[in-house]
file final.cif (mmCIF, C-alpha atoms)
data_target
#
loop_
_atom_site.label_atom_id
_atom_site.label_comp_id
_atom_site.auth_asym_id
_atom_site.auth_seq_id
_atom_site.Cartn_x
_atom_site.Cartn_y
_atom_site.Cartn_z
CA TRP X 1 -61.55 -74.23 16.96
CA LEU X 2 -58.38 -76.24 17.62
CA VAL X 3 -59.98 -78.45 20.26
CA ARG X 4 -63.02 -79.19 18.09
CA ARG X 5 -60.88 -80.06 15.07
CA LEU X 6 -58.41 -82.13 17.07
CA ALA X 7 -61.18 -84.03 18.88
CA ALA X 8 -62.92 -84.73 15.57
CA ALA X 9 -59.72 -86.00 13.98
CA LEU X 10 -58.93 -88.20 16.99
CA SER X 11 -62.47 -89.56 17.15
CA ALA X 12 -62.51 -90.43 13.46
CA ARG X 13 -59.23 -92.31 13.68
CA LEU X 14 -60.13 -94.12 16.90
CA ALA X 15 -63.57 -95.08 15.57
CA ALA X 16 -62.03 -96.42 12.36
CA GLU X 17 -59.82 -98.67 14.48
CA LEU X 18 -56.83 -97.87 12.31
CA ALA X 19 -53.65 -99.76 13.09
CA GLY X 20 -51.05 -98.08 15.24
CA GLY X 21 -50.46 -97.02 18.79
CA LEU X 22 -52.11 -94.03 20.41
CA SER X 23 -49.06 -91.86 19.74
CA ASP X 24 -49.43 -92.59 16.03
CA VAL X 25 -53.15 -91.78 16.20
CA LEU X 26 -52.43 -88.45 17.88
CA ALA X 27 -49.62 -87.59 15.46
CA GLU X 28 -51.88 -88.12 12.46
CA ALA X 29 -54.67 -86.12 14.09
CA ILE X 30 -52.27 -83.21 14.64
CA LYS X 31 -51.24 -83.53 11.00
CA ASP X 32 -54.89 -83.38 9.92
CA VAL X 33 -55.53 -80.23 11.95
CA CYS X 34 -52.44 -78.52 10.61
CA ALA X 35 -53.50 -79.36 7.05
CA ALA X 36 -56.90 -77.76 7.70
CA HIS X 37 -55.38 -74.33 8.29
CA GLY X 38 -51.86 -74.52 6.93
CA ASP X 39 -52.66 -72.16 4.05
CA THR X 40 -54.04 -69.43 6.28
CA CYS X 41 -51.99 -69.59 9.50
CA ASP X 42 -48.32 -69.37 10.43
CA LEU X 43 -47.72 -72.87 11.79
CA ALA X 44 -44.19 -71.90 12.83
CA ASN X 45 -45.50 -69.34 15.33
CA PRO X 46 -44.39 -70.48 18.82
CA ASP X 47 -47.61 -69.04 20.25
CA SER X 48 -49.87 -71.19 18.06
CA PRO X 49 -52.95 -72.50 19.90
CA SER X 50 -52.42 -75.73 21.77
CA SER X 51 -54.32 -78.33 23.75
CA THR X 52 -53.78 -81.00 26.35
CA VAL X 53 -54.80 -84.53 25.36
CA ALA X 54 -56.16 -87.48 27.35
CA ILE X 55 -57.13 -90.68 25.52
CA ALA X 56 -58.34 -94.05 26.78
CA ARG X 57 -58.85 -96.84 24.25
CA TRP X 58 -60.51 -100.09 25.21
CA GLY X 59 -59.33 -103.16 23.35
CA ARG X 60 -60.37 -106.79 23.69
CA ASP X 61 -57.70 -107.54 26.25
CA GLU X 62 -56.39 -104.20 27.50
CA LEU X 63 -56.92 -100.53 28.21
CA GLU X 64 -54.47 -98.13 26.55
CA CYS X 65 -53.99 -94.62 27.91
CA LEU X 66 -52.22 -91.57 26.54
CA VAL X 67 -51.69 -88.24 28.31
CA LEU X 68 -50.12 -85.08 26.93
CA ALA X 69 -49.74 -82.15 29.37
CA ASP X 70 -51.89 -81.68 32.45
CA SER X 71 -55.03 -83.73 31.76
CA PRO X 72 -54.48 -87.09 33.47
CA VAL X 73 -56.19 -90.45 33.12
CA VAL X 74 -56.99 -92.05 36.48
CA VAL X 75 -57.52 -95.82 36.62
CA ARG X 76 -58.95 -97.79 39.50
CA ARG X 77 -58.11 -101.45 39.42
CA ALA X 78 -60.51 -104.17 40.48
CA ASP X 79 -58.53 -104.58 43.72
CA GLY X 80 -59.26 -100.93 44.63
CA SER X 81 -55.80 -99.55 43.93
CA VAL X 82 -55.58 -96.33 41.91
CA VAL X 83 -53.03 -95.47 39.21
CA VAL X 84 -52.69 -91.94 37.86
CA VAL X 85 -51.31 -91.67 34.33
CA GLU X 86 -50.05 -88.10 34.35
CA ASP X 87 -47.65 -85.75 32.63
CA ASP X 88 -46.17 -83.39 35.21
CA ARG X 89 -43.54 -81.71 33.04
CA LEU X 90 -45.48 -78.45 32.96
CA GLU X 91 -45.16 -78.25 36.75
CA ARG X 92 -41.38 -78.67 36.61
CA LEU X 93 -40.43 -75.69 34.47
CA PRO X 94 -37.86 -73.24 35.87
CA GLY X 95 -39.25 -70.84 38.44
CA GLY X 96 -42.40 -72.77 39.24
CA PRO X 97 -46.00 -71.83 38.41
CA PRO X 98 -47.58 -69.49 37.55
CA TYR X 99 -45.26 -69.00 34.58
CA THR X 100 -44.61 -65.96 32.45
CA LEU X 101 -45.52 -66.02 28.77
CA GLU X 102 -41.80 -65.92 27.99
CA THR X 103 -41.12 -69.05 30.08
CA VAL X 104 -43.96 -70.95 28.43
CA ARG X 105 -42.87 -69.87 24.95
CA ALA X 106 -39.27 -70.91 25.61
CA HIS X 107 -40.18 -74.40 26.86
CA ARG X 108 -43.27 -75.41 24.86
CA ASN X 109 -42.72 -78.48 22.68
CA ARG X 110 -39.00 -78.55 23.32
CA PRO X 111 -36.75 -81.17 24.92
CA GLY X 112 -36.41 -80.43 28.61
CA GLY X 113 -39.66 -78.45 28.58
CA PHE X 114 -43.24 -79.62 28.15
CA TRP X 115 -45.28 -80.93 25.24
CA VAL X 116 -48.79 -80.12 24.00
CA ALA X 117 -50.83 -80.83 20.89
CA SER X 118 -50.26 -77.86 18.61
CA THR X 119 -48.44 -77.75 15.28
CA SER X 120 -45.76 -80.39 15.86
CA ARG X 121 -46.45 -84.08 15.24
CA ALA X 122 -43.35 -84.81 17.33
CA ALA X 123 -45.28 -83.88 20.46
CA ALA X 124 -47.38 -87.03 20.09
CA TYR X 125 -44.31 -89.18 20.63
CA GLU X 126 -43.46 -87.35 23.84
CA ALA X 127 -46.82 -88.27 25.41
CA ILE X 128 -47.02 -90.42 28.53
CA THR X 129 -48.59 -93.82 27.82
CA ALA X 130 -49.68 -96.79 29.90
CA THR X 131 -51.45 -100.10 29.32
CA PHE X 132 -53.60 -102.10 31.74
CA PRO X 133 -54.99 -105.64 31.37
CA TRP X 134 -58.74 -105.42 30.78
CA ALA X 135 -59.57 -107.78 33.63
CA GLU X 136 -57.82 -105.51 36.15
CA VAL X 137 -59.70 -102.30 35.28
CA ASP X 138 -62.74 -101.21 37.28
CA THR X 139 -63.04 -97.46 36.54
CA VAL X 140 -61.39 -94.98 34.20
CA ALA X 141 -61.62 -91.18 34.51
CA LEU X 142 -60.28 -88.60 32.06
CA LEU X 143 -59.87 -85.22 33.75
CA SER X 144 -58.82 -81.71 32.86
CA ASP X 145 -56.63 -79.79 35.31
CA GLY X 146 -59.65 -77.74 36.34
CA VAL X 147 -60.93 -80.90 38.05
CA THR X 148 -57.64 -82.34 39.32
CA ARG X 149 -57.12 -79.22 41.44
CA LEU X 150 -59.54 -80.89 43.87
CA VAL X 151 -56.64 -83.24 44.65
CA GLU X 152 -53.65 -81.06 43.85
CA ARG X 153 -54.86 -77.91 45.59
CA PHE X 154 -57.84 -78.68 47.82
CA GLY X 155 -56.83 -81.81 49.70
CA ARG X 156 -59.00 -84.54 48.19
CA THR X 157 -57.45 -87.90 47.33
CA TRP X 158 -57.61 -89.71 44.00
CA PRO X 159 -59.72 -92.56 45.44
CA ASP X 160 -62.07 -89.97 46.95
CA LEU X 161 -62.39 -88.17 43.60
CA LEU X 162 -63.16 -91.44 41.81
CA ARG X 163 -65.81 -92.33 44.39
CA GLU X 164 -67.47 -88.94 43.86
CA LEU X 165 -67.41 -89.42 40.09
CA ARG X 166 -68.93 -92.89 40.34
CA SER X 167 -71.61 -92.02 42.89
CA ALA X 168 -72.59 -88.45 41.99
CA GLY X 169 -71.26 -87.94 38.47
CA PRO X 170 -69.08 -85.31 36.81
CA ASP X 171 -71.50 -82.41 37.32
CA ARG X 172 -71.38 -82.81 41.09
CA VAL X 173 -67.58 -83.09 41.06
CA ILE X 174 -67.29 -79.88 39.06
CA ASP X 175 -69.65 -78.21 41.57
CA LEU X 176 -67.27 -79.31 44.33
CA VAL X 177 -64.38 -77.72 42.45
CA ARG X 178 -66.20 -74.41 42.16
CA GLU X 179 -67.23 -74.48 45.82
CA ALA X 180 -63.62 -75.08 46.88
CA GLU X 181 -62.35 -72.31 44.62
CA LEU X 182 -64.83 -69.79 46.02
CA ALA X 183 -63.92 -70.71 49.60
CA ALA X 184 -60.16 -70.62 49.04
CA PRO X 185 -58.02 -67.55 49.81
CA ALA X 186 -56.91 -65.55 46.79
CA THR X 187 -53.70 -66.89 45.24
CA ARG X 188 -51.51 -66.19 42.26
CA GLY X 189 -52.69 -67.68 39.00
CA LYS X 190 -56.16 -68.41 37.71
CA PRO X 191 -58.91 -68.63 40.36
CA HIS X 192 -60.86 -70.97 38.03
CA ASP X 193 -59.93 -73.24 35.15
CA ASP X 194 -61.75 -75.26 32.53
CA ALA X 195 -63.23 -78.26 34.33
CA THR X 196 -64.07 -81.38 32.33
CA ALA X 197 -64.51 -84.94 33.61
CA LEU X 198 -65.47 -88.17 31.93
CA VAL X 199 -65.83 -91.42 33.88
CA VAL X 200 -66.30 -94.96 32.57
CA THR X 201 -67.15 -97.87 34.82
CA ARG X 202 -67.39 -101.56 34.09
CA GLY X 203 -70.88 -102.99 34.18
#

call {"tool": "encode", "arguments": {"input": "final.cif", "output": "C-alpha coordinates"}}
result
Amino acid sequence: WLVRRLAAALSARLAAELAGGLSDVLAEAIKDVCAAHGDTCDLANPDSPSSTVAIARWGRDELECLVLADSPVVVRRADGSVVVVEDDRLERLPGGPPYTLETVRAHRNRPGGFWVASTSRAAAYEAITATFPWAEVDTVALLSDGVTRLVERFGRTWPDLLRELRSAGPDRVIDLVREAELAAPATRGKPHDDATALVVTRG
(Lines of atoms letter the chains of each structure in order from A and count residues from 1; the text may use other names and numbers.)
(Lines give C-alpha, C1' and ligand atoms only; values in the text may rest on other atoms or scores of the structure.)
Protein backbone atom coordinates (compact mmCIF):
# COMPACT_ATOMS: atom_id res chain seq x y z
CA TRP A 1 0.00 0.00 0.00
CA LEU A 2 2.71 2.49 0.97
CA VAL A 3 4.86 1.78 -2.09
CA ARG A 4 1.91 2.07 -4.48
CA ARG A 5 0.76 5.36 -2.94
CA LEU A 6 4.25 6.82 -2.76
CA ALA A 7 5.07 5.81 -6.35
CA ALA A 8 1.79 7.33 -7.56
CA ALA A 9 2.45 10.58 -5.72
CA LEU A 10 6.01 10.78 -7.03
CA SER A 11 4.94 9.97 -10.59
CA ALA A 12 2.21 12.61 -10.57
CA ARG A 13 4.58 15.31 -9.36
CA LEU A 14 7.39 14.33 -11.74
CA ALA A 15 5.00 14.12 -14.71
CA ALA A 16 3.58 17.55 -13.88
CA GLU A 17 7.11 18.95 -14.04
CA LEU A 18 6.49 21.00 -10.92
CA ALA A 19 9.27 23.35 -9.90
CA GLY A 20 11.67 22.22 -7.23
CA GLY A 21 14.48 19.78 -6.68
CA LEU A 22 14.00 16.06 -6.26
CA SER A 23 14.15 16.37 -2.48
CA ASP A 24 11.21 18.77 -2.61
CA VAL A 25 9.31 16.38 -4.90
CA LEU A 26 9.89 13.50 -2.49
CA ALA A 27 8.96 15.57 0.56
CA GLU A 28 5.64 16.55 -0.97
CA ALA A 29 4.96 12.96 -2.04
CA ILE A 30 5.55 11.79 1.53
CA LYS A 31 3.18 14.52 2.70
CA ASP A 32 0.53 13.31 0.24
CA VAL A 33 0.81 9.72 1.45
CA CYS A 34 0.60 10.74 5.09
CA ALA A 35 -2.52 12.81 4.35
CA ALA A 36 -4.14 9.76 2.72
CA HIS A 37 -4.10 7.79 5.97
CA GLY A 38 -3.48 10.33 8.70
CA ASP A 39 -7.01 9.95 10.10
CA THR A 40 -6.77 6.18 10.46
CA CYS A 41 -3.13 5.45 11.36
CA ASP A 42 -0.72 6.50 14.09
CA LEU A 43 1.86 8.41 12.06
CA ALA A 44 4.05 8.82 15.15
CA ASN A 45 4.58 5.05 15.41
CA PRO A 46 8.33 4.41 14.93
CA ASP A 47 7.49 1.12 13.21
CA SER A 48 5.38 2.76 10.50
CA PRO A 49 5.86 1.19 7.06
CA SER A 50 8.74 2.61 5.06
CA SER A 51 10.33 2.39 1.64
CA THR A 52 13.60 3.03 -0.10
CA VAL A 53 13.52 5.53 -2.97
CA ALA A 54 15.49 5.80 -6.21
CA ILE A 55 14.65 8.56 -8.70
CA ALA A 56 16.24 9.60 -11.98
CA ARG A 57 14.89 12.69 -13.74
CA TRP A 58 16.00 13.60 -17.23
CA GLY A 59 16.09 17.30 -18.02
CA ARG A 60 17.11 19.11 -21.18
CA ASP A 61 20.70 19.44 -20.09
CA GLU A 62 21.21 17.07 -17.17
CA LEU A 63 20.28 13.91 -15.33
CA GLU A 64 19.27 14.34 -11.68
CA CYS A 65 19.41 11.39 -9.28
CA LEU A 66 18.09 10.89 -5.76
CA VAL A 67 18.65 7.88 -3.52
CA LEU A 68 17.20 7.21 -0.09
CA ALA A 69 18.36 4.02 1.68
CA ASP A 70 19.69 0.97 -0.13
CA SER A 71 18.34 1.29 -3.68
CA PRO A 72 21.14 2.91 -5.71
CA VAL A 73 21.19 4.60 -9.10
CA VAL A 74 24.08 3.44 -11.28
CA VAL A 75 25.23 5.71 -14.12
CA ARG A 76 27.57 4.78 -16.94
CA ARG A 77 29.15 7.72 -18.65
CA ALA A 78 29.80 7.88 -22.37
CA ASP A 79 33.51 7.27 -21.68
CA GLY A 80 32.66 3.92 -20.04
CA SER A 81 33.26 4.98 -16.44
CA VAL A 82 30.62 4.00 -13.88
CA VAL A 83 29.34 6.11 -10.97
CA VAL A 84 27.20 4.61 -8.22
CA VAL A 85 24.89 7.04 -6.43
CA GLU A 86 24.29 5.17 -3.20
CA ASP A 87 23.22 5.64 0.39
CA ASP A 88 25.22 3.27 2.59
CA ARG A 89 24.12 4.56 5.99
CA LEU A 90 22.04 1.46 6.66
CA GLU A 91 25.20 -0.64 6.40
CA ARG A 92 27.01 1.50 8.97
CA LEU A 93 24.70 1.09 11.96
CA PRO A 94 26.22 -0.17 15.22
CA GLY A 95 26.84 -3.90 15.31
CA GLY A 96 26.66 -4.49 11.58
CA PRO A 97 23.96 -6.35 9.63
CA PRO A 98 21.72 -8.22 10.10
CA TYR A 99 20.24 -5.81 12.63
CA THR A 100 17.77 -6.41 15.43
CA LEU A 101 14.38 -4.73 15.32
CA GLU A 102 15.46 -2.63 18.29
CA THR A 103 18.55 -1.33 16.44
CA VAL A 104 16.51 -0.43 13.37
CA ARG A 105 13.83 1.28 15.45
CA ALA A 106 16.42 3.31 17.36
CA HIS A 107 18.19 4.58 14.23
CA ARG A 108 15.45 4.94 11.60
CA ASN A 109 14.98 8.52 10.39
CA ARG A 110 17.29 9.95 13.02
CA PRO A 111 20.54 11.90 12.76
CA GLY A 112 23.45 9.49 12.88
CA GLY A 113 21.22 6.63 11.72
CA PHE A 114 19.58 6.00 8.37
CA TRP A 115 16.69 7.57 6.48
CA VAL A 116 13.75 6.07 4.59
CA ALA A 117 10.50 7.33 3.11
CA SER A 118 7.90 6.84 5.83
CA THR A 119 6.01 9.47 7.81
CA SER A 120 8.66 12.21 8.01
CA ARG A 121 9.08 14.77 5.23
CA ALA A 122 12.49 15.55 6.73
CA ALA A 123 13.81 12.26 5.37
CA ALA A 124 13.58 13.65 1.84
CA TYR A 125 16.21 16.26 2.66
CA GLU A 126 18.60 13.60 3.94
CA ALA A 127 18.60 11.78 0.58
CA ILE A 128 21.78 11.43 -1.47
CA THR A 129 21.61 13.41 -4.71
CA ALA A 130 23.80 13.78 -7.78
CA THR A 131 23.62 15.55 -11.14
CA PHE A 132 25.26 14.56 -14.44
CA PRO A 133 25.50 16.55 -17.69
CA TRP A 134 23.18 14.98 -20.25
CA ALA A 135 25.90 14.62 -22.86
CA GLU A 136 28.00 12.47 -20.51
CA VAL A 137 25.32 9.88 -19.71
CA ASP A 138 25.14 6.59 -21.61
CA THR A 139 23.12 4.29 -19.29
CA VAL A 140 21.15 4.67 -16.07
CA ALA A 141 20.00 1.79 -13.86
CA LEU A 142 17.76 2.01 -10.79
CA LEU A 143 18.18 -1.05 -8.59
CA SER A 144 16.76 -2.48 -5.39
CA ASP A 145 19.13 -4.14 -2.92
CA GLY A 146 17.85 -7.53 -4.03
CA VAL A 147 19.71 -6.91 -7.30
CA THR A 148 22.78 -5.10 -5.98
CA ARG A 149 23.70 -8.17 -3.93
CA LEU A 150 25.10 -9.52 -7.22
CA VAL A 151 27.89 -7.00 -6.69
CA GLU A 152 27.91 -6.64 -2.92
CA ARG A 153 27.69 -10.34 -2.09
CA PHE A 154 28.35 -12.44 -5.17
CA GLY A 155 31.43 -10.88 -6.75
CA ARG A 156 30.10 -9.18 -9.88
CA THR A 157 31.28 -5.67 -10.73
CA TRP A 158 29.11 -2.65 -11.47
CA PRO A 159 30.26 -2.48 -15.12
CA ASP A 160 29.49 -6.20 -15.46
CA LEU A 161 26.01 -5.71 -13.99
CA LEU A 162 25.29 -2.83 -16.37
CA ARG A 163 26.45 -4.90 -19.35
CA GLU A 164 24.08 -7.70 -18.33
CA LEU A 165 21.21 -5.24 -17.96
CA ARG A 166 21.88 -3.71 -21.38
CA SER A 167 22.39 -6.98 -23.24
CA ALA A 168 19.98 -9.39 -21.53
CA GLY A 169 17.57 -7.15 -19.63
CA PRO A 170 16.36 -7.01 -16.03
CA ASP A 171 14.63 -10.41 -16.06
CA ARG A 172 17.90 -12.19 -16.84
CA VAL A 173 19.76 -10.20 -14.18
CA ILE A 174 17.18 -11.16 -11.57
CA ASP A 175 17.53 -14.80 -12.66
CA LEU A 176 21.29 -14.47 -12.06
CA VAL A 177 20.57 -13.16 -8.56
CA ARG A 178 18.35 -16.12 -7.74
CA GLU A 179 20.87 -18.60 -9.16
CA ALA A 180 23.64 -17.10 -7.03
CA GLU A 181 21.46 -17.13 -3.92
CA LEU A 182 20.57 -20.80 -4.39
CA ALA A 183 24.22 -21.75 -4.89
CA ALA A 184 25.51 -19.74 -1.92
CA PRO A 185 26.10 -21.27 1.53
CA ALA A 186 23.49 -20.44 4.14
CA THR A 187 24.20 -17.15 5.93
CA ARG A 188 22.57 -14.95 8.51
CA GLY A 189 19.88 -12.65 7.21
CA LYS A 190 17.44 -13.06 4.36
CA PRO A 191 18.37 -15.67 1.72
CA HIS A 192 16.34 -13.67 -0.86
CA ASP A 193 15.22 -10.08 -1.14
CA ASP A 194 12.91 -8.08 -3.38
CA ALA A 195 14.70 -7.72 -6.71
CA THR A 196 13.74 -4.86 -9.02
CA ALA A 197 15.78 -3.34 -11.85
CA LEU A 198 15.06 -0.63 -14.37
CA VAL A 199 17.58 0.33 -17.06
CA VAL A 200 17.50 3.27 -19.47
CA THR A 201 19.93 3.62 -22.34
CA ARG A 202 20.47 6.44 -24.78
CA GLY A 203 19.38 5.74 -28.32

call {"tool": "resolve_selection", "arguments": {"input": "final.cif", "expression": "the PyMOL selection byres ((chain X and resi 128) around 9)", "output": "NGL selection string"}}
result
:X and (65-69 or 85-87 or 125-127 or 129-130)

call {"tool": "closest_atom_pairs", "arguments": {"input": "final.cif", "of": "stretch 43-130 of chain X", "to": "stretch 155-166 of chain X", "cutoff": "8 Å", "atoms": "only C-alpha atoms", "output": "Markdown table"}}
result
| residue | atom | partner | partner_atom | distance |
| --- | --- | --- | --- | --- |
| X:Val74 | CA | X:Trp158 | CA | 7.9 |
| X:Arg76 | CA | X:Pro159 | CA | 8.0 |
| X:Val82 | CA | X:Pro159 | CA | 6.6 |

call {"tool": "resolve_selection", "arguments": {"input": "final.cif", "expression": "the PyMOL selection byres ((chain X and resi 103-120) around 6)", "output": "PDB file with C-alpha atoms, in the frame of the given file"}}
result
ATOM      1  CA  SER X  50     -52.420 -75.730  21.770  1.00  0.00           C
ATOM      2  CA  SER X  51     -54.320 -78.330  23.750  1.00  0.00           C
ATOM      3  CA  THR X  52     -53.780 -81.000  26.350  1.00  0.00           C
ATOM      4  CA  LEU X  68     -50.120 -85.080  26.930  1.00  0.00           C
ATOM      5  CA  ALA X  69     -49.740 -82.150  29.370  1.00  0.00           C
ATOM      6  CA  ARG X  89     -43.540 -81.710  33.040  1.00  0.00           C
ATOM      7  CA  LEU X  90     -45.480 -78.450  32.960  1.00  0.00           C
ATOM      8  CA  THR X 100     -44.610 -65.960  32.450  1.00  0.00           C
ATOM      9  CA  LEU X 101     -45.520 -66.020  28.770  1.00  0.00           C
ATOM     10  CA  GLU X 102     -41.800 -65.920  27.990  1.00  0.00           C
ATOM     11  CA  ARG X 121     -46.450 -84.080  15.240  1.00  0.00           C
ATOM     12  CA  ALA X 122     -43.350 -84.810  17.330  1.00  0.00           C
ATOM     13  CA  ALA X 123     -45.280 -83.880  20.460  1.00  0.00           C
TER      14      ALA X 123
END

call {"tool": "residues_around", "arguments": {"input": "final.cif", "residues": "X:Val75", "least_positions_apart": "4", "cutoff": "8 Å", "atoms": "all atoms listed in the file", "output": "list in words"}}
result
Val82, Val83, Val84, Val85, Val137, Asp138, Thr139, Val140 and Ala141 of chain X

call {"tool": "closest_residue", "arguments": {"input": "final.cif", "among": "X:Leu2, X:Cys34, X:Ala197, X:Leu26", "to": "X:Gly146", "atoms": "all atoms listed in the file"}}
result
X:Ala197

call {"tool": "atom_distance", "arguments": {"input": "final.cif", "atom1": "atom CA of X:Leu93", "atom2": "atom CA of X:Leu198"}}
result
28.1 Å

call {"tool": "residues_near_point", "arguments": {"input": "final.cif", "point": "(-62.5, -90.9, 18.0)", "cutoff": "12 Å", "atoms": "all atoms listed in the file", "output": "list of chain:residue names"}}
result
X:Arg4, X:Arg5, X:Leu6, X:Ala7, X:Ala8, X:Ala9, X:Leu10, X:Ser11, X:Ala12, X:Arg13, X:Leu14, X:Ala15, X:Ala16, X:Glu17, X:Leu18, X:Leu22, X:Val25, X:Leu26, X:Ala29, X:Ala54, X:Ile55, X:Ala56, X:Arg57, X:Trp58

call {"tool": "resolve_selection", "arguments": {"input": "final.cif", "expression": "the PyMOL selection byres ((chain X and resi 173-184) around 9)", "output": "ChimeraX atom specification"}}
result
/X:146-150,154,161,164-165,168-172,185-187,191-192,195-197

call {"tool": "closest_residue", "arguments": {"input": "final.cif", "among": "X:Arg202, X:Glu136, X:Ser144, X:Ile30", "to": "X:Pro49", "atoms": "only C-alpha atoms"}}
result
X:Ile30
